[in-house]
file structure_18.pdb (PDB, C-alpha atoms and all ligand atoms)
ATOM      1  CA  MET N   1     -37.288 -31.262  87.356
ATOM      2  CA  ARG N   2     -39.382 -29.380  89.837
ATOM      3  CA  GLY N   3     -41.575 -27.542  87.385
ATOM      4  CA  LEU N   4     -41.578 -24.450  89.558
ATOM      5  CA  PRO N   5     -43.047 -21.393  87.935
ATOM      6  CA  LEU N   6     -40.570 -18.652  87.196
ATOM      7  CA  PRO N   7     -40.505 -15.976  89.866
ATOM      8  CA  PRO N   8     -42.164 -12.722  88.906
ATOM      9  CA  ILE N   9     -39.736 -10.154  87.570
ATOM     10  CA  GLY N  10     -38.258  -8.083  90.360
ATOM     11  CA  ILE N  11     -38.049 -10.894  92.875
ATOM     12  CA  LEU N  12     -34.870 -12.820  93.396
ATOM     13  CA  LEU N  13     -35.168 -16.335  94.656
ATOM     14  CA  HIS N  14     -32.313 -17.353  96.861
ATOM     15  CA  SER N  15     -31.696 -21.035  96.900
ATOM     16  CA  PRO N  16     -31.504 -22.399 100.429
ATOM     17  CA  PRO N  17     -27.937 -22.708 101.718
ATOM     18  CA  MET N  18     -26.358 -26.081 101.101
ATOM     19  CA  LYS N  19     -26.402 -27.911 104.370
ATOM     20  CA  PRO N  20     -23.243 -29.934 104.748
ATOM     21  CA  PRO N  21     -23.761 -33.474 105.913
ATOM     22  CA  ALA N  22     -22.460 -34.716 109.214
ATOM     23  CA  CYS N  23     -19.205 -36.627 109.348
ATOM     24  CA  PRO N  24     -19.938 -40.345 109.021
ATOM     25  CA  MET N  25     -17.159 -41.131 111.500
ATOM     26  CA  CYS N  26     -17.754 -38.773 114.392
ATOM     27  CA  GLU N  27     -21.079 -37.168 113.403
ATOM     28  CA  MET N  28     -19.727 -33.683 113.834
ATOM     29  CA  THR N  29     -20.733 -31.061 111.284
ATOM     30  CA  ASP N  30     -17.572 -28.932 111.254
ATOM     31  CA  LEU N  31     -16.574 -29.774 107.729
ATOM     32  CA  LEU N  32     -14.164 -28.342 105.222
ATOM     33  CA  ASP N  33     -15.960 -27.851 101.939
ATOM     34  CA  LEU N  34     -13.355 -29.029  99.432
ATOM     35  CA  PRO N  35     -14.148 -29.063  95.705
ATOM     36  CA  GLU N  36     -14.874 -32.774  95.474
ATOM     37  CA  ARG N  37     -14.966 -33.971  99.008
ATOM     38  CA  TRP N  38     -15.729 -33.130 102.584
ATOM     39  CA  GLU N  39     -13.090 -33.115 105.244
ATOM     40  CA  CYS N  40     -14.072 -33.361 108.885
ATOM     41  CA  VAL N  41     -12.304 -30.756 110.991
ATOM     42  CA  THR N  42     -12.891 -32.803 114.120
ATOM     43  CA  CYS N  43     -11.441 -36.183 113.161
ATOM     44  CA  GLY N  44      -9.847 -35.536 109.778
ATOM     45  CA  HIS N  45     -12.000 -38.062 107.945
ATOM     46  CA  GLU N  46     -12.434 -37.294 104.237
ATOM     47  CA  TRP N  47     -15.140 -38.549 101.955
ATOM     48  CA  GLU N  48     -16.485 -37.923  98.503
ATOM     49  CA  LYS N  49     -19.300 -35.528  97.959
ATOM     50  CA  GLU N  50     -22.328 -37.113  96.486
ATOM     51  CA  ALA N  51     -22.627 -36.438  92.818
ATOM     52  CA  ALA N  52     -25.667 -34.459  91.879
ATOM     53  CA  PRO N  53     -28.419 -36.897  91.077
ATOM     54  CA  GLU N  54     -29.017 -37.299  87.385
ATOM     55  CA  GLN N  55     -32.062 -35.557  86.230
ATOM     56  CA  ALA N  56     -34.762 -38.123  85.826
ATOM     57  CA  ARG N  57     -36.032 -38.441  82.321
ATOM     58  CA  ILE N  58     -39.663 -37.588  81.957
ATOM     59  CA  VAL N  59     -41.602 -39.271  79.200
ATOM     60  CA  LYS N  60     -45.085 -38.037  78.498
ATOM     61  CA  ASP N  61     -47.813 -39.617  76.465
ATOM     62  CA  ALA N  62     -49.865 -37.879  73.789
ATOM     63  CA  HIS N  63     -52.002 -36.234  76.458
ATOM     64  CA  GLY N  64     -49.118 -35.082  78.614
ATOM     65  CA  ASN N  65     -49.465 -37.783  81.257
ATOM     66  CA  VAL N  66     -46.149 -38.853  82.690
ATOM     67  CA  LEU N  67     -45.305 -42.454  81.886
ATOM     68  CA  ALA N  68     -43.333 -44.761  84.142
ATOM     69  CA  ASP N  69     -41.898 -48.228  83.909
ATOM     70  CA  GLY N  70     -44.661 -50.766  84.337
ATOM     71  CA  ASP N  71     -47.452 -48.606  82.963
ATOM     72  CA  CYS N  72     -49.564 -49.970  80.162
ATOM     73  CA  VAL N  73     -50.303 -47.820  77.172
ATOM     74  CA  ILE N  74     -52.827 -47.783  74.372
ATOM     75  CA  LEU N  75     -51.928 -46.883  70.823
ATOM     76  CA  ILE N  76     -53.762 -43.811  69.654
ATOM     77  CA  LYS N  77     -53.230 -44.571  65.983
ATOM     78  CA  ASP N  78     -52.311 -47.405  63.677
ATOM     79  CA  LEU N  79     -48.580 -47.917  63.543
ATOM     80  CA  LYS N  80     -46.924 -49.658  60.639
ATOM     81  CA  LEU N  81     -44.266 -52.103  61.649
ATOM     82  CA  GLY N  82     -42.807 -52.430  58.229
ATOM     83  CA  GLY N  83     -43.930 -55.059  55.819
ATOM     84  CA  THR N  84     -47.637 -55.574  56.090
ATOM     85  CA  GLN N  85     -47.822 -55.723  59.849
ATOM     86  CA  VAL N  86     -49.793 -52.969  61.478
ATOM     87  CA  LEU N  87     -50.430 -52.368  65.120
ATOM     88  CA  LYS N  88     -53.973 -51.167  65.392
ATOM     89  CA  GLY N  89     -54.838 -47.998  67.209
ATOM     90  CA  GLY N  90     -56.541 -48.945  70.451
ATOM     91  CA  SER N  91     -54.249 -51.931  71.064
ATOM     92  CA  LYS N  92     -53.091 -52.160  74.628
ATOM     93  CA  SER N  93     -49.475 -52.900  75.474
ATOM     94  CA  LYS N  94     -47.992 -55.091  78.122
ATOM     95  CA  PRO N  95     -46.278 -53.166  80.938
ATOM     96  CA  ILE N  96     -43.788 -50.818  79.362
ATOM     97  CA  ARG N  97     -40.149 -50.078  80.001
ATOM     98  CA  LEU N  98     -38.775 -46.611  79.353
ATOM     99  CA  VAL N  99     -35.565 -46.525  77.374
ATOM    100  CA  ASP N 100     -33.199 -43.920  76.018
ATOM    101  CA  GLY N 101     -33.470 -42.833  72.475
ATOM    102  CA  ASP N 102     -35.939 -41.624  69.954
ATOM    103  CA  HIS N 103     -38.527 -44.299  70.718
ATOM    104  CA  GLU N 104     -38.880 -44.014  74.456
ATOM    105  CA  ILE N 105     -41.125 -46.956  75.138
ATOM    106  CA  ASP N 106     -40.072 -50.563  74.980
ATOM    107  CA  CYS N 107     -42.991 -52.947  75.235
ATOM    108  CA  LYS N 108     -45.008 -55.707  73.689
ATOM    109  CA  VAL N 109     -48.189 -55.108  71.790
ATOM    110  CA  ASP N 110     -50.130 -58.087  70.460
ATOM    111  CA  GLY N 111     -47.199 -60.260  71.442
ATOM    112  CA  ILE N 112     -44.782 -58.261  69.290
ATOM    113  CA  ALA N 113     -41.818 -56.531  70.922
ATOM    114  CA  VAL N 114     -41.822 -52.951  69.724
ATOM    115  CA  ALA N 115     -40.268 -49.602  70.492
ATOM    116  CA  LEU N 116     -42.845 -46.851  70.479
ATOM    117  CA  LYS N 117     -42.761 -43.117  70.508
ATOM    118  CA  ALA N 118     -44.551 -41.724  73.500
ATOM    119  CA  CYS N 119     -46.456 -39.271  71.337
ATOM    120  CA  PHE N 120     -48.347 -42.157  69.697
ATOM    121  CA  VAL N 121     -49.690 -43.668  72.874
ATOM    122  CA  LYS N 122     -51.814 -42.770  75.843
ATOM    123  CA  LYS N 123     -51.608 -44.147  79.326
ATOM    124  CA  ALA N 124     -54.023 -47.045  79.749
TER
HETATM  125 ZN    ZN H   1     -15.306 -36.603 111.855
END

call {"tool": "encode", "arguments": {"input": "structure_18.pdb", "output": "structure tokens"}}
result
Amino acid sequence: MRGLPLPPIGILLHSPPMKPPACPMCEMTDLLDLPERWECVTCGHEWEKEAAPEQARIVKDAHGNVLADGDCVILIKDLKLGGTQVLKGGSKSKPIRLVDGDHEIDCKVDGIAVALKACFVKKA
């Protein structure tokens, strides 16, 4: 995610031409652009194209700050844990770990391992 603003209407943005890599064997750049691999015209070496990098997941706190693994967060409201346990708003977590799923933040608050929604915390 680059977060680039959309170009104004009437202007076409051309993406820069894909620059093929150099052959890892002979370092020449005369390459055949095959669907899933490169083939070096010079020495005939073939190798896999790199898969497009997975889009990094961006998790934002209640104020829109981007959270990363190892950040600490503060609860912005009381969160019920079920039963009678409540995590108090203002509690600070241990360093967090971002995980997939509905509750993006895996961390410990008050010594309790919890999964939190990013919208209920702010970056400490
Ligand atoms: Zn080559």

call {"tool": "residues_near_ligand", "arguments": {"input": "structure_18.pdb", "ligand": "ligand ZN 1 (chain H)", "cutoff": "9 Å", "atoms": "all atoms listed in the file", "output": "JSON list (two decimals) with C-alpha atoms, keeping the file's coordinate frame"}}
result
[["chain", "number", "residue", "atom", "x", "y", "z"],
["N", 22, "ALA", "CA", -22.46, -34.72, 109.21],
["N", 23, "CYS", "CA", -19.20, -36.63, 109.35],
["N", 24, "PRO", "CA", -19.94, -40.34, 109.02],
["N", 25, "MET", "CA", -17.16, -41.13, 111.50],
["N", 26, "CYS", "CA", -17.75, -38.77, 114.39],
["N", 27, "GLU", "CA", -21.08, -37.17, 113.40],
["N", 28, "MET", "CA", -19.73, -33.68, 113.83],
["N", 29, "THR", "CA", -20.73, -31.06, 111.28],
["N", 30, "ASP", "CA", -17.57, -28.93, 111.25],
["N", 31, "LEU", "CA", -16.57, -29.77, 107.73],
["N", 39, "GLU", "CA", -13.09, -33.12, 105.24],
["N", 40, "CYS", "CA", -14.07, -33.36, 108.88],
["N", 41, "VAL", "CA", -12.30, -30.76, 110.99],
["N", 42, "THR", "CA", -12.89, -32.80, 114.12],
["N", 43, "CYS", "CA", -11.44, -36.18, 113.16],
["N", 44, "GLY", "CA", -9.85, -35.54, 109.78],
["N", 45, "HIS", "CA", -12.00, -38.06, 107.94],
["N", 46, "GLU", "CA", -12.43, -37.29, 104.24]]

call {"tool": "residues_around", "arguments": {"input": "structure_18.pdb", "residues": "region 89-96 of chain N", "least_positions_apart": "3", "cutoff": "8 Å", "atoms": "all atoms listed in the file", "output": "list in words"}}
result
Ala68, Asp69, Gly70, Asp71, Cys72, Val73, Ile74, Leu75, Ile76, Lys77, Asp78, Leu79, Ile105, Asp106, Cys107, Lys108, Val109, Asp110 and Ala124 of chain N

call {"tool": "atom_distance", "arguments": {"input": "structure_18.pdb", "atom1": "CA of Leu81 (chain N)", "atom2": "CA of Gly101 (chain N)"}}
result
17.9 Å

call {"tool": "atom_distance", "arguments": {"input": "structure_18.pdb", "atom1": "CA of Glu104 (chain N)", "atom2": "CA of Val59 (chain N)"}}
result
7.2 Å

call {"tool": "resolve_selection", "arguments": {"input": "structure_18.pdb", "expression": "the PyMOL selection byres (((chain N and resi 65) around 12) and not hetatm)", "output": "ChimeraX atom specification"}}
result
/N:58-64,66-68,71,73,118-119,121-124

call {"tool": "atom_distance", "arguments": {"input": "structure_18.pdb", "atom1": "CA of Gly111 (chain N)", "atom2": "CA of Val99 (chain N)"}}
result
19.0 Å

call {"tool": "axis_aligned_box", "arguments": {"input": "structure_18.pdb", "around": "region 33-49 of chain N", "padding_each_side": "5 Å", "output": "AutoDock Vina command-line options"}}
result
--center_x -14.6 --center_y -33.2 --center_z 104.8 --size_x 19.5 --size_y 20.7 --size_z 28.6

call {"tool": "closest_residue", "arguments": {"input": "structure_18.pdb", "among": "N:Trp38, N:Val114, N:Asp33, N:Pro21", "to": "Gln85 (chain N)", "atoms": "all atoms listed in the file"}}
result
N:Val114

call {"tool": "resolve_selection", "arguments": {"input": "structure_18.pdb", "expression": "the PyMOL selection byres (((chain N and resi 37) around 6) and not hetatm)", "output": "count of residues only"}}
result
7
